[in-house]
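> File follows, work-v7.csv with CSV, C-alpha atoms:
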```csv
chain,number,residue,atom,x,y,z
A,12,MET,CA,0.0,0.0,0.0
A,13,SER,CA,2.9,2.3,0.3
A,14,LEU,CA,6.0,3.5,-1.6
A,15,LEU,CA,8.6,4.1,1.1
A,16,SER,CA,12.1,5.7,1.3
A,17,PRO,CA,14.8,3.6,3.0
A,18,THR,CA,14.6,5.9,6.0
A,19,THR,CA,10.9,5.5,6.4
A,20,LEU,CA,11.3,1.8,5.8
A,21,GLY,CA,13.8,1.5,8.6
A,22,LYS,CA,11.4,3.4,10.9
A,23,GLU,CA,8.5,1.1,10.0
A,24,ILE,CA,10.6,-2.0,10.7
A,25,ARG,CA,11.7,-0.6,14.1
A,26,GLU,CA,8.0,0.2,15.0
A,27,ASN,CA,7.0,-3.4,13.9
A,28,ASN,CA,4.7,-2.1,11.1
A,29,ILE,CA,5.0,-5.2,8.9
A,30,TYR,CA,3.6,-5.8,5.4
A,31,CYS,CA,2.9,-9.1,3.7
A,32,ILE,CA,4.7,-8.2,0.5
A,33,TYR,CA,8.0,-6.2,0.1
A,34,TYR,CA,9.5,-5.3,-3.2
A,35,PHE,CA,13.1,-3.8,-3.0
A,36,TYR,CA,15.0,-2.5,-6.0
A,37,GLY,CA,17.5,0.3,-6.7
A,38,HIS,CA,21.1,1.1,-7.6
A,39,ASP,CA,22.3,1.3,-3.9
A,40,VAL,CA,22.7,-2.5,-3.7
A,41,ALA,CA,24.7,-2.5,-0.5
A,42,THR,CA,22.0,-0.6,1.5
A,43,LEU,CA,19.2,-2.7,-0.2
A,44,GLU,CA,20.9,-5.9,0.9
A,45,ALA,CA,21.5,-4.6,4.4
A,46,TYR,CA,17.9,-3.7,4.9
A,47,THR,CA,16.8,-7.1,3.5
A,48,ASN,CA,19.0,-9.0,6.0
A,49,LYS,CA,17.8,-6.7,8.8
A,50,LEU,CA,14.1,-7.3,7.9
A,51,VAL,CA,14.6,-11.1,7.6
A,52,LYS,CA,16.3,-11.3,11.0
A,53,ARG,CA,13.6,-9.1,12.6
A,54,LEU,CA,10.7,-11.3,11.2
A,55,CYS,CA,12.4,-14.7,11.4
A,56,PRO,CA,15.1,-15.0,14.1
A,57,VAL,CA,18.0,-17.3,13.4
A,58,ASP,CA,16.7,-20.1,15.6
A,59,ALA,CA,13.4,-20.2,13.7
A,60,GLN,CA,14.8,-20.0,10.2
A,61,ALA,CA,15.3,-23.7,9.6
A,62,MET,CA,11.6,-24.3,9.4
A,63,ASN,CA,10.2,-20.8,8.6
A,64,LEU,CA,12.5,-19.2,6.2
A,65,HIS,CA,12.1,-20.1,2.5
A,66,LYS,CA,14.7,-18.8,0.0
A,67,PHE,CA,14.1,-18.7,-3.7
A,68,ASP,CA,16.4,-17.8,-6.6
A,69,GLY,CA,14.3,-15.5,-8.9
A,70,LYS,CA,16.4,-16.5,-12.0
A,71,LYS,CA,15.1,-20.1,-11.8
A,72,LEU,CA,12.0,-19.7,-9.7
A,73,ASP,CA,10.2,-22.9,-8.6
A,74,ILE,CA,6.7,-21.7,-8.8
A,75,PRO,CA,4.9,-24.8,-7.3
A,76,ALA,CA,7.4,-24.7,-4.3
A,77,LEU,CA,6.7,-21.0,-3.9
A,78,ALA,CA,3.0,-21.7,-3.8
A,79,ASP,CA,3.5,-24.3,-1.1
A,80,ALA,CA,5.7,-22.0,0.9
A,81,ALA,CA,3.1,-19.2,0.7
A,82,GLN,CA,0.5,-21.5,2.2
A,83,ALA,CA,2.7,-22.9,5.0
A,84,LEU,CA,1.9,-22.1,8.6
A,85,PRO,CA,4.6,-20.9,11.0
A,86,MET,CA,6.3,-23.7,13.0
A,87,PHE,CA,7.1,-22.7,16.6
A,88,ALA,CA,7.4,-19.1,15.4
A,89,ASP,CA,5.3,-16.0,14.7
A,90,ARG,CA,5.8,-15.8,11.0
A,91,VAL,CA,6.8,-17.5,7.8
A,92,VAL,CA,9.3,-15.5,5.7
A,93,ILE,CA,9.9,-16.0,1.9
A,94,THR,CA,12.7,-14.3,0.0
A,95,ILE,CA,12.9,-14.1,-3.7
A,96,ASN,CA,16.2,-12.8,-5.0
A,97,ASP,CA,16.8,-11.3,-8.5
A,98,LEU,CA,13.3,-11.9,-10.0
A,99,ASN,CA,13.4,-10.2,-13.4
A,100,MET,CA,9.9,-10.1,-15.0
A,101,ASP,CA,11.5,-9.6,-18.5
A,102,SER,CA,12.6,-13.3,-18.2
A,103,VAL,CA,9.3,-14.7,-17.0
A,104,ASN,CA,6.6,-15.9,-19.5
A,105,LYS,CA,3.0,-14.7,-19.2
A,106,ASP,CA,1.7,-17.9,-17.6
A,107,ASP,CA,4.4,-17.9,-14.9
A,108,ALA,CA,3.9,-14.1,-14.3
A,109,ASP,CA,0.2,-14.6,-13.8
A,110,ALA,CA,0.9,-17.5,-11.4
A,111,ILE,CA,3.4,-15.4,-9.3
A,112,ARG,CA,0.8,-12.6,-9.0
A,113,LYS,CA,-1.9,-15.1,-8.0
A,114,ILE,CA,0.4,-16.5,-5.3
A,115,LEU,CA,1.3,-13.1,-3.9
A,116,LYS,CA,-2.3,-12.0,-3.8
A,117,SER,CA,-3.2,-15.1,-1.7
A,118,VAL,CA,-0.4,-14.7,0.9
A,119,GLN,CA,-2.1,-15.1,4.3
A,120,GLU,CA,-1.5,-13.1,7.4
A,121,GLY,CA,1.5,-14.4,9.2
A,122,THR,CA,3.5,-14.7,6.0
A,123,THR,CA,5.9,-12.1,4.5
A,124,VAL,CA,7.4,-12.3,1.0
A,125,ILE,CA,10.5,-10.1,0.4
A,126,ILE,CA,11.3,-9.7,-3.3
A,127,TYR,CA,14.7,-8.0,-3.8
A,128,ALA,CA,17.2,-7.4,-6.6
A,129,THR,CA,21.0,-7.4,-6.0
A,130,GLY,CA,22.5,-9.1,-9.0
A,131,THR,CA,20.1,-8.5,-12.0
A,132,ASP,CA,19.5,-5.4,-14.0
A,133,LEU,CA,15.8,-4.4,-13.9
A,134,TYR,CA,16.3,-1.1,-15.7
A,135,LYS,CA,15.7,0.1,-19.3
A,136,ASN,CA,17.9,3.2,-18.6
A,137,LYS,CA,19.7,4.7,-15.7
A,138,LYS,CA,16.6,5.8,-13.9
A,139,ASN,CA,13.5,3.8,-15.0
A,140,LEU,CA,12.5,0.1,-14.7
A,141,THR,CA,11.7,-1.8,-17.8
A,142,ASP,CA,8.0,-1.9,-18.6
A,143,LYS,CA,7.4,-5.4,-17.3
A,144,ASN,CA,9.3,-4.8,-14.1
A,145,LYS,CA,7.5,-1.4,-13.6
A,146,ARG,CA,4.1,-3.1,-13.9
A,147,PHE,CA,5.1,-5.8,-11.4
A,148,CYS,CA,6.5,-3.1,-9.1
A,149,ASP,CA,3.1,-1.3,-9.2
A,150,PHE,CA,1.3,-4.5,-8.5
A,151,CYS,CA,3.5,-5.1,-5.4
A,152,ASN,CA,2.8,-1.5,-4.3
A,153,LYS,CA,-0.9,-2.1,-4.4
A,154,ILE,CA,-0.8,-5.2,-2.1
A,155,GLY,CA,2.3,-4.4,0.0
A,156,CYS,CA,5.3,-2.1,0.2
A,157,VAL,CA,7.8,-0.9,-2.4
A,158,CYS,CA,11.2,0.7,-1.6
A,159,ASP,CA,13.5,2.2,-4.2
A,160,PHE,CA,17.1,2.2,-2.9
A,161,ALA,CA,18.3,5.0,-5.1
A,162,LEU,CA,21.8,6.3,-4.7
A,163,LYS,CA,22.0,9.5,-2.6
A,164,ASN,CA,23.2,12.8,-4.0
A,165,THR,CA,26.6,14.1,-3.0
A,166,TYR,CA,25.1,16.4,-0.3
A,167,GLU,CA,23.2,13.5,1.4
A,168,MET,CA,26.1,11.1,1.1
A,169,GLY,CA,28.5,13.7,2.4
A,170,ARG,CA,26.4,14.2,5.5
A,171,SER,CA,26.3,10.4,6.0
A,172,ILE,CA,30.1,10.2,5.6
A,173,ALA,CA,30.7,12.9,8.1
A,174,GLY,CA,28.3,11.2,10.6
A,175,GLU,CA,30.0,7.8,10.2
A,176,LEU,CA,33.5,9.3,10.6
A,177,SER,CA,32.4,11.2,13.6
A,178,LYS,CA,31.3,7.9,15.3
A,179,LEU,CA,34.8,6.6,14.6
A,180,GLY,CA,36.5,9.6,16.2
A,181,CYS,CA,37.4,11.5,13.0
A,182,THR,CA,36.4,14.8,11.5
A,183,ILE,CA,36.0,15.8,7.9
A,184,SER,CA,34.9,19.1,6.3
A,185,ARG,CA,31.7,19.2,4.3
A,186,LYS,CA,33.6,19.9,1.1
A,187,ASN,CA,35.9,16.9,1.6
A,188,ALA,CA,33.0,14.6,2.6
A,189,GLU,CA,31.2,15.5,-0.6
A,190,TYR,CA,34.5,15.1,-2.5
A,191,LEU,CA,34.8,11.5,-1.1
A,192,ALA,CA,31.1,10.9,-2.0
A,193,GLU,CA,31.9,11.9,-5.6
A,194,LEU,CA,34.9,9.6,-5.7
A,195,CYS,CA,32.8,6.7,-4.4
A,196,LEU,CA,30.0,7.5,-7.0
A,197,CYS,CA,27.6,7.9,-4.0
A,198,ASN,CA,27.7,4.1,-3.7
A,199,THR,CA,27.2,2.9,-0.1
A,200,GLY,CA,29.3,-0.2,-0.6
A,201,TYR,CA,32.3,1.9,-1.8
A,202,VAL,CA,31.8,4.5,0.9
A,203,LYS,CA,31.8,1.9,3.7
A,204,GLN,CA,35.1,0.5,2.5
A,205,GLU,CA,36.8,3.9,2.2
A,206,VAL,CA,35.4,5.3,5.5
A,207,LYS,CA,36.9,2.3,7.5
A,208,LYS,CA,40.2,2.7,5.7
A,209,LEU,CA,40.4,6.4,6.3
A,210,ALA,CA,39.5,6.0,10.0
A,211,ASP,CA,42.0,3.2,10.5
A,212,TYR,CA,44.7,5.3,8.9
A,213,THR,CA,43.9,8.6,10.6
A,214,GLY,CA,42.9,7.4,14.1
A,215,CYS,CA,41.4,10.4,15.9
A,216,GLY,CA,42.0,13.4,13.7
A,217,GLU,CA,40.9,15.3,10.6
A,218,ILE,CA,40.7,13.6,7.2
A,219,THR,CA,42.0,16.0,4.6
A,220,LYS,CA,41.7,15.9,0.8
A,221,GLU,CA,45.4,14.9,0.7
A,222,ILE,CA,44.7,11.8,2.8
A,223,ILE,CA,41.6,10.9,0.6
A,224,ASP,CA,43.7,11.2,-2.5
A,225,LEU,CA,46.5,9.1,-0.9
A,226,LEU,CA,44.3,6.2,0.2
A,227,CYS,CA,41.1,6.0,-1.7
A,228,ILE,CA,40.5,4.0,-4.9
A,229,LYS,CA,39.6,6.2,-7.9
A,230,HIS,CA,36.9,4.7,-10.0
A,231,VAL,CA,37.1,5.6,-13.6
A,232,GLU,CA,33.4,6.8,-13.5
A,233,SER,CA,34.4,9.5,-11.0
A,234,ASP,CA,37.3,10.7,-13.3
A,235,GLY,CA,35.1,12.0,-16.0
A,236,TYR,CA,34.8,15.5,-14.7
A,237,SER,CA,38.5,16.1,-13.9
A,238,LEU,CA,39.6,14.5,-17.1
A,239,ALA,CA,37.1,16.5,-19.2
A,240,MET,CA,38.1,19.8,-17.6
A,241,ASN,CA,41.8,19.1,-17.9
A,242,ILE,CA,41.4,18.2,-21.6
A,243,VAL,CA,39.4,21.4,-22.3
A,244,ARG,CA,42.1,23.4,-20.5
A,245,SER,CA,44.9,21.5,-22.2
A,246,ARG,CA,46.6,20.3,-19.0
A,247,ALA,CA,48.5,17.5,-20.8
A,248,ASP,CA,50.6,16.4,-17.8
A,249,LEU,CA,47.6,15.8,-15.6
A,250,VAL,CA,45.6,14.1,-18.4
A,251,PHE,CA,48.3,11.7,-19.6
A,252,THR,CA,49.4,10.8,-16.0
A,253,ARG,CA,45.8,9.8,-15.2
A,254,LEU,CA,45.4,7.9,-18.4
A,255,ASP,CA,48.5,5.9,-17.6
A,256,GLU,CA,47.2,5.1,-14.1
A,257,LEU,CA,43.8,4.0,-15.5
A,258,SER,CA,45.6,1.8,-18.1
A,259,GLN,CA,47.6,0.2,-15.3
A,260,GLN,CA,44.3,-0.4,-13.4
A,261,ASN,CA,43.3,-2.5,-16.5
A,262,TYR,CA,40.6,-0.2,-17.7
A,263,GLU,CA,40.0,-0.6,-21.4
A,264,PRO,CA,40.5,2.5,-23.7
A,265,PHE,CA,36.9,2.5,-24.9
A,266,GLU,CA,35.7,2.6,-21.2
A,267,ILE,CA,37.9,5.6,-20.5
A,268,LEU,CA,36.8,7.3,-23.7
A,269,GLY,CA,33.1,6.7,-22.9
A,270,ILE,CA,33.5,8.3,-19.4
A,271,ILE,CA,35.3,11.4,-20.9
A,272,SER,CA,32.7,11.7,-23.7
A,273,PHE,CA,29.9,11.5,-21.2
A,274,SER,CA,31.4,14.3,-19.1
A,275,ILE,CA,32.0,16.5,-22.1
A,276,GLY,CA,28.3,15.9,-22.9
A,277,ASP,CA,27.5,17.2,-19.4
A,278,MET,CA,29.6,20.2,-20.2
A,279,LEU,CA,27.7,20.9,-23.4
A,280,ARG,CA,24.3,20.7,-21.7
A,281,ALA,CA,25.5,23.0,-19.0
A,282,LYS,CA,27.0,25.5,-21.5
A,283,LEU,CA,23.8,25.5,-23.5
A,284,ALA,CA,21.7,26.0,-20.4
A,285,ARG,CA,23.8,29.0,-19.3
A,286,SER,CA,23.5,30.5,-22.8
A,287,SER,CA,19.7,30.2,-22.6
A,288,SER,CA,19.5,31.6,-19.0
A,289,LEU,CA,18.4,28.3,-17.6
A,290,ASN,CA,19.6,27.0,-14.2
A,291,ILE,CA,21.1,23.8,-12.9
A,292,SER,CA,17.7,22.4,-11.8
A,293,ASP,CA,16.4,22.9,-15.4
A,294,VAL,CA,19.2,20.7,-16.8
A,295,VAL,CA,18.7,18.0,-14.1
A,296,SER,CA,15.0,17.9,-14.9
A,297,ASP,CA,15.1,18.2,-18.7
A,298,PHE,CA,17.7,15.4,-19.0
A,299,ASP,CA,16.5,13.2,-16.2
A,300,TYR,CA,19.7,13.1,-14.2
A,301,PRO,CA,19.8,10.6,-11.3
A,302,LYS,CA,20.4,12.1,-7.9
A,303,ASN,CA,23.9,10.7,-7.6
A,304,ARG,CA,24.9,12.5,-10.9
A,305,GLU,CA,23.4,16.0,-10.2
A,306,PHE,CA,26.9,17.1,-9.0
A,307,ALA,CA,28.2,16.6,-12.6
A,308,VAL,CA,25.8,19.2,-13.9
A,309,LYS,CA,26.5,21.6,-11.0
A,310,ASN,CA,30.3,21.3,-11.4
A,311,MET,CA,30.1,21.8,-15.2
A,312,TYR,CA,27.6,24.7,-14.9
A,313,ASN,CA,29.9,26.6,-12.6
A,314,ASP,CA,33.1,25.9,-14.5
A,315,CYS,CA,32.1,26.2,-18.2
A,316,ALA,CA,31.5,30.0,-18.2
A,317,ASN,CA,34.9,30.8,-19.8
A,318,ILE,CA,34.9,27.8,-22.2
A,319,SER,CA,33.7,28.5,-25.8
A,320,LEU,CA,30.8,26.5,-27.2
A,321,ASN,CA,32.8,25.8,-30.4
A,322,ARG,CA,35.6,24.3,-28.4
A,323,ILE,CA,33.3,21.9,-26.6
A,324,LYS,CA,31.6,20.9,-29.9
A,325,SER,CA,34.9,20.4,-31.6
A,326,ILE,CA,36.2,18.1,-28.8
A,327,LEU,CA,33.0,16.0,-29.0
A,328,GLU,CA,33.6,15.6,-32.7
A,329,ILE,CA,37.2,14.4,-32.2
A,330,LEU,CA,36.1,12.0,-29.4
A,331,SER,CA,33.3,10.7,-31.7
A,332,ASP,CA,35.9,10.0,-34.4
A,333,THR,CA,38.2,8.4,-31.9
A,334,ASP,CA,35.4,6.2,-30.7
A,335,LEU,CA,34.6,5.1,-34.2
A,336,THR,CA,38.3,4.2,-34.8
A,337,LEU,CA,38.4,2.1,-31.6
A,338,LYS,CA,35.3,0.2,-32.6
A,339,THR,CA,36.3,-0.5,-36.2
A,340,HIS,CA,40.1,-0.8,-36.2
A,341,SER,CA,40.9,-2.3,-32.8
A,342,SER,CA,44.3,-4.1,-32.7
A,343,GLY,CA,45.0,-4.7,-29.0
A,344,LYS,CA,45.0,-2.7,-25.8
A,345,SER,CA,48.4,-1.0,-26.4
A,346,SER,CA,47.4,0.1,-29.9
A,347,ASP,CA,44.0,1.2,-28.7
A,348,MET,CA,45.5,3.2,-25.8
A,349,LEU,CA,47.7,5.0,-28.3
A,350,THR,CA,44.6,5.8,-30.5
A,351,LEU,CA,42.9,7.2,-27.4
A,352,GLU,CA,45.9,9.3,-26.4
A,353,GLN,CA,46.3,10.7,-30.0
A,354,GLY,CA,42.6,11.7,-30.0
A,355,ILE,CA,42.9,13.4,-26.7
A,356,ALA,CA,46.1,15.2,-27.9
A,357,ARG,CA,44.1,16.5,-30.8
A,358,CYS,CA,41.5,17.8,-28.5
A,359,MET,CA,44.1,19.7,-26.4
A,360,ALA,CA,45.7,21.1,-29.5
A,361,LEU,CA,42.5,23.0,-30.5
A,362,ARG,CA,42.9,26.8,-30.6
A,363,ASN,CA,39.2,27.8,-30.5
```
Can the structure from this file be put into structure tokens for me?

Amino acid sequence: MSLLSPTTLGKEIRENNIYCIYYFYGHDVATLEAYTNKLVKRLCPVDAQAMNLHKFDGKKLDIPALADAAQALPMFADRVVITINDLNMDSVNKDDADAIRKILKSVQEGTTVIIYATGTDLYKNKKNLTDKNKRFCDFCNKIGCVCDFALKNTYEMGRSIAGELSKLGCTISRKNAEYLAELCLCNTGYVKQEVKKLADYTGCGEITKEIIDLLCIKHVESDGYSLAMNIVRSRADLVFTRLDELSQQNYEPFEILGIISFSIGDMLRAKLARSSSLNISDVVSDFDYPKNREFAVKNMYNDCANISLNRIKSILEILSDTDLTLKTHSSGKSSDMLTLEQGIARCMALRN
């Protein structure tokens, strides 16, 4: 009956407001999995799980067994709990889909079904579920509870980082907390790893940007902005040093090019918005940016003022030509890396 945020879901669980059907999905898989485990333990304690917890793999769902589990009575416990992991309705035929819906509708009081996705892609783009998964999500929302574990934006994740570090006896500025959030792509799983590492290294003290850069893993997806800006500003030493690091981390040239091109695209949108007297929220709304990538628009909007539109367009054309070359004349990683470096060198040599 309710579409909940993770925060509200946690409050509902603590207050023992329990639904018969839960449907969990979203890009923040680490948080989704943590909430699922918390809910299972709350509803079915470890000593009762042998007889009252039924686990199903959604990729090869045994529908008759699911129907039997849904009608089972609790054995020396208050509740039967059924979990279905990675159920993708795009892979389910119509008869089986109808059978699943019928089973879920008939779930009796004292039974809870938790459907959650951790290892399958339910999306047709970065933000929206595929049509079949969206219809199934809406169905679950009518008879139970749905929670979208979306990635937080940098401000929200920065606050969370600062709070976690404070519990561990460390301090961090808001700016550096948000910088760390960007490096971790606002992914809770990445953040947890880095927060523990930073706290262990620092002990009780301030975590600076220098410490973050020294210890934290840089994911290629978080490099797009800095690489794009350094290319536009022709900072060859910074660009080629980072390209060499990414190559040593075994990233493929086409992956690196894709991230750079994506960020130059962000820059073009921001530049056009400024030229049309539109603001950051207009760009986010018009191009349907997910929350964890709003910072990309904000950064580009603030920094593209002195960059010519012609330069941005020319760089995109060169990157497009380089992409075509990589996809049609690939001859091994070393050669492809050289092709990428040559294309980027052409970008930095532009005079407009």
> What's around stretch 301-311 of chain A at 6 Å? Count all atoms listed in the file, leave out sequence neighbours fewer than 4 positions away in its own chain, and write the answer as a ChimeraX atom specification.
/A:162-164,197,278,315
> Report as a compact mmCIF listing (two decimals) with C-alpha atoms, keeping the file's coordinate frame all protein, DNA and RNA residues lying within 12 Å of stretch 207-220 of chain A, evaluated on all atoms listed in the file, omitting residues in the same chain fewer than 3 positions from it.

```txt
# COMPACT_ATOMS: atom_id res chain seq x y z
CA ILE A 172 30.10 10.20 5.60
CA ALA A 173 30.70 12.90 8.10
CA GLU A 175 30.00 7.80 10.20
CA LEU A 176 33.50 9.30 10.60
CA SER A 177 32.40 11.20 13.60
CA LYS A 178 31.30 7.90 15.30
CA LEU A 179 34.80 6.60 14.60
CA GLY A 180 36.50 9.60 16.20
CA CYS A 181 37.40 11.50 13.00
CA THR A 182 36.40 14.80 11.50
CA ILE A 183 36.00 15.80 7.90
CA SER A 184 34.90 19.10 6.30
CA ARG A 185 31.70 19.20 4.30
CA LYS A 186 33.60 19.90 1.10
CA ASN A 187 35.90 16.90 1.60
CA ALA A 188 33.00 14.60 2.60
CA GLU A 189 31.20 15.50 -0.60
CA TYR A 190 34.50 15.10 -2.50
CA LEU A 191 34.80 11.50 -1.10
CA LEU A 194 34.90 9.60 -5.70
CA GLY A 200 29.30 -0.20 -0.60
CA TYR A 201 32.30 1.90 -1.80
CA VAL A 202 31.80 4.50 0.90
CA LYS A 203 31.80 1.90 3.70
CA GLN A 204 35.10 0.50 2.50
CA ILE A 223 41.60 10.90 0.60
CA ASP A 224 43.70 11.20 -2.50
CA LEU A 225 46.50 9.10 -0.90
CA LEU A 226 44.30 6.20 0.20
CA CYS A 227 41.10 6.00 -1.70
CA ILE A 228 40.50 4.00 -4.90
```
> If we count all atoms listed in the file, what is near stretch 116-118 of chain A at a cut-off of 8 Å, once residues fewer than 6 positions away on the same chain are taken out, given as a list of chain:residue names?
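Result of the neighbour search: A:Cys31, A:Ala81, A:Gln82, A:Ile154.
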> For stretch 56-70 of chain A, list every protein, DNA or RNA residue within 6 Å, evaluated using all atoms listed in the file, and leave out those in the same chain fewer than 6 positions away; present the list as JSON, numbers by chain.
{"A": [91, 92, 93, 94, 95, 96, 97, 98]}
> Output as a Markdown table one row per residue of stretch 159-192 of chain A within 9 Å of stretch 14-28 of chain A: the closest atom pair and its distance in Å to one decimal place, counting only C-alpha atoms, sorted by chain and residue number ascending.

```
| residue | atom | partner | partner_atom | distance |
| --- | --- | --- | --- | --- |
| A:Asp159 | CA | A:Ser16 | CA | 6.7 |
| A:Phe160 | CA | A:Pro17 | CA | 6.5 |
| A:Ala161 | CA | A:Pro17 | CA | 8.9 |
```
> Just give me the gap between atom CA of A:Ala45 and atom CA of A:Lys113 in Å, one decimal is fine.
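Computing it gives 28.5 Å between the two atoms.
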> Using all atoms listed in the file for the distances, tell me which of A:Arg112, A:Asp106, A:Ala83, A:Leu238 is nearest to A:Asp149.
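Distance minimum relative to A:Asp149 lands on A:Arg112.
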> Between A:Ala128, A:Met348, A:Leu54, A:Ile74, which has the minimum distance to A:Ile267 (counting all atoms listed in the file)?
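Among A:Ala128, A:Met348, A:Leu54, A:Ile74, it is A:Met348 that comes nearest to A:Ile267.
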> What's the 10 Å shell around A:Leu249, counting all atoms listed in the file, without same-chain residues fewer than 5 positions away, as a PyMOL selection string?
chain A and resi 237-238+241-242+254
> Using all atoms listed in the file, give me every residue within 12 Å of (15.2, -9.5, -20.6) in file coordinates, as number ranges by chain.
A: 70, 98-104, 131-135, 140-144
> So how many Å separate atom CA of A:Ile29 and atom CA of A:Val51, to one decimal?
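Computed distance, atom CA of A:Ile29 to atom CA of A:Val51, equals 11.3 Å.
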> In Å, with one decimal, what is the gap from atom CA of A:Leu335 to atom CA of A:Asp255?
21.7 Å
> I'd like to know which of A:Gly155, A:Gly130, A:Gly235, A:Pro264 is closest to A:Gly276, using all atoms listed in the file.
A:Gly235
> Let me make sure I understand: among A:Val250, A:Ile32, A:Ala88, A:Ile111, which one has the smallest atom-to-atom distance to A:Ile126 if we use all atoms listed in the file?
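Answer, going by the shortest atom-to-atom distance: A:Ile32.
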> So, with only C-alpha atoms as the atoms that count, which of A:Glu266, A:Asp297, A:Glu44, A:Glu256 lies closest to A:Ile125?
A:Glu44
> Here is a test: counting only C-alpha atoms, which residue of A:Phe35, A:Tyr236, A:Phe150, A:Cys55 is nearest to A:Met86?
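Ranked by minimum distance to A:Met86, first place goes to A:Cys55.
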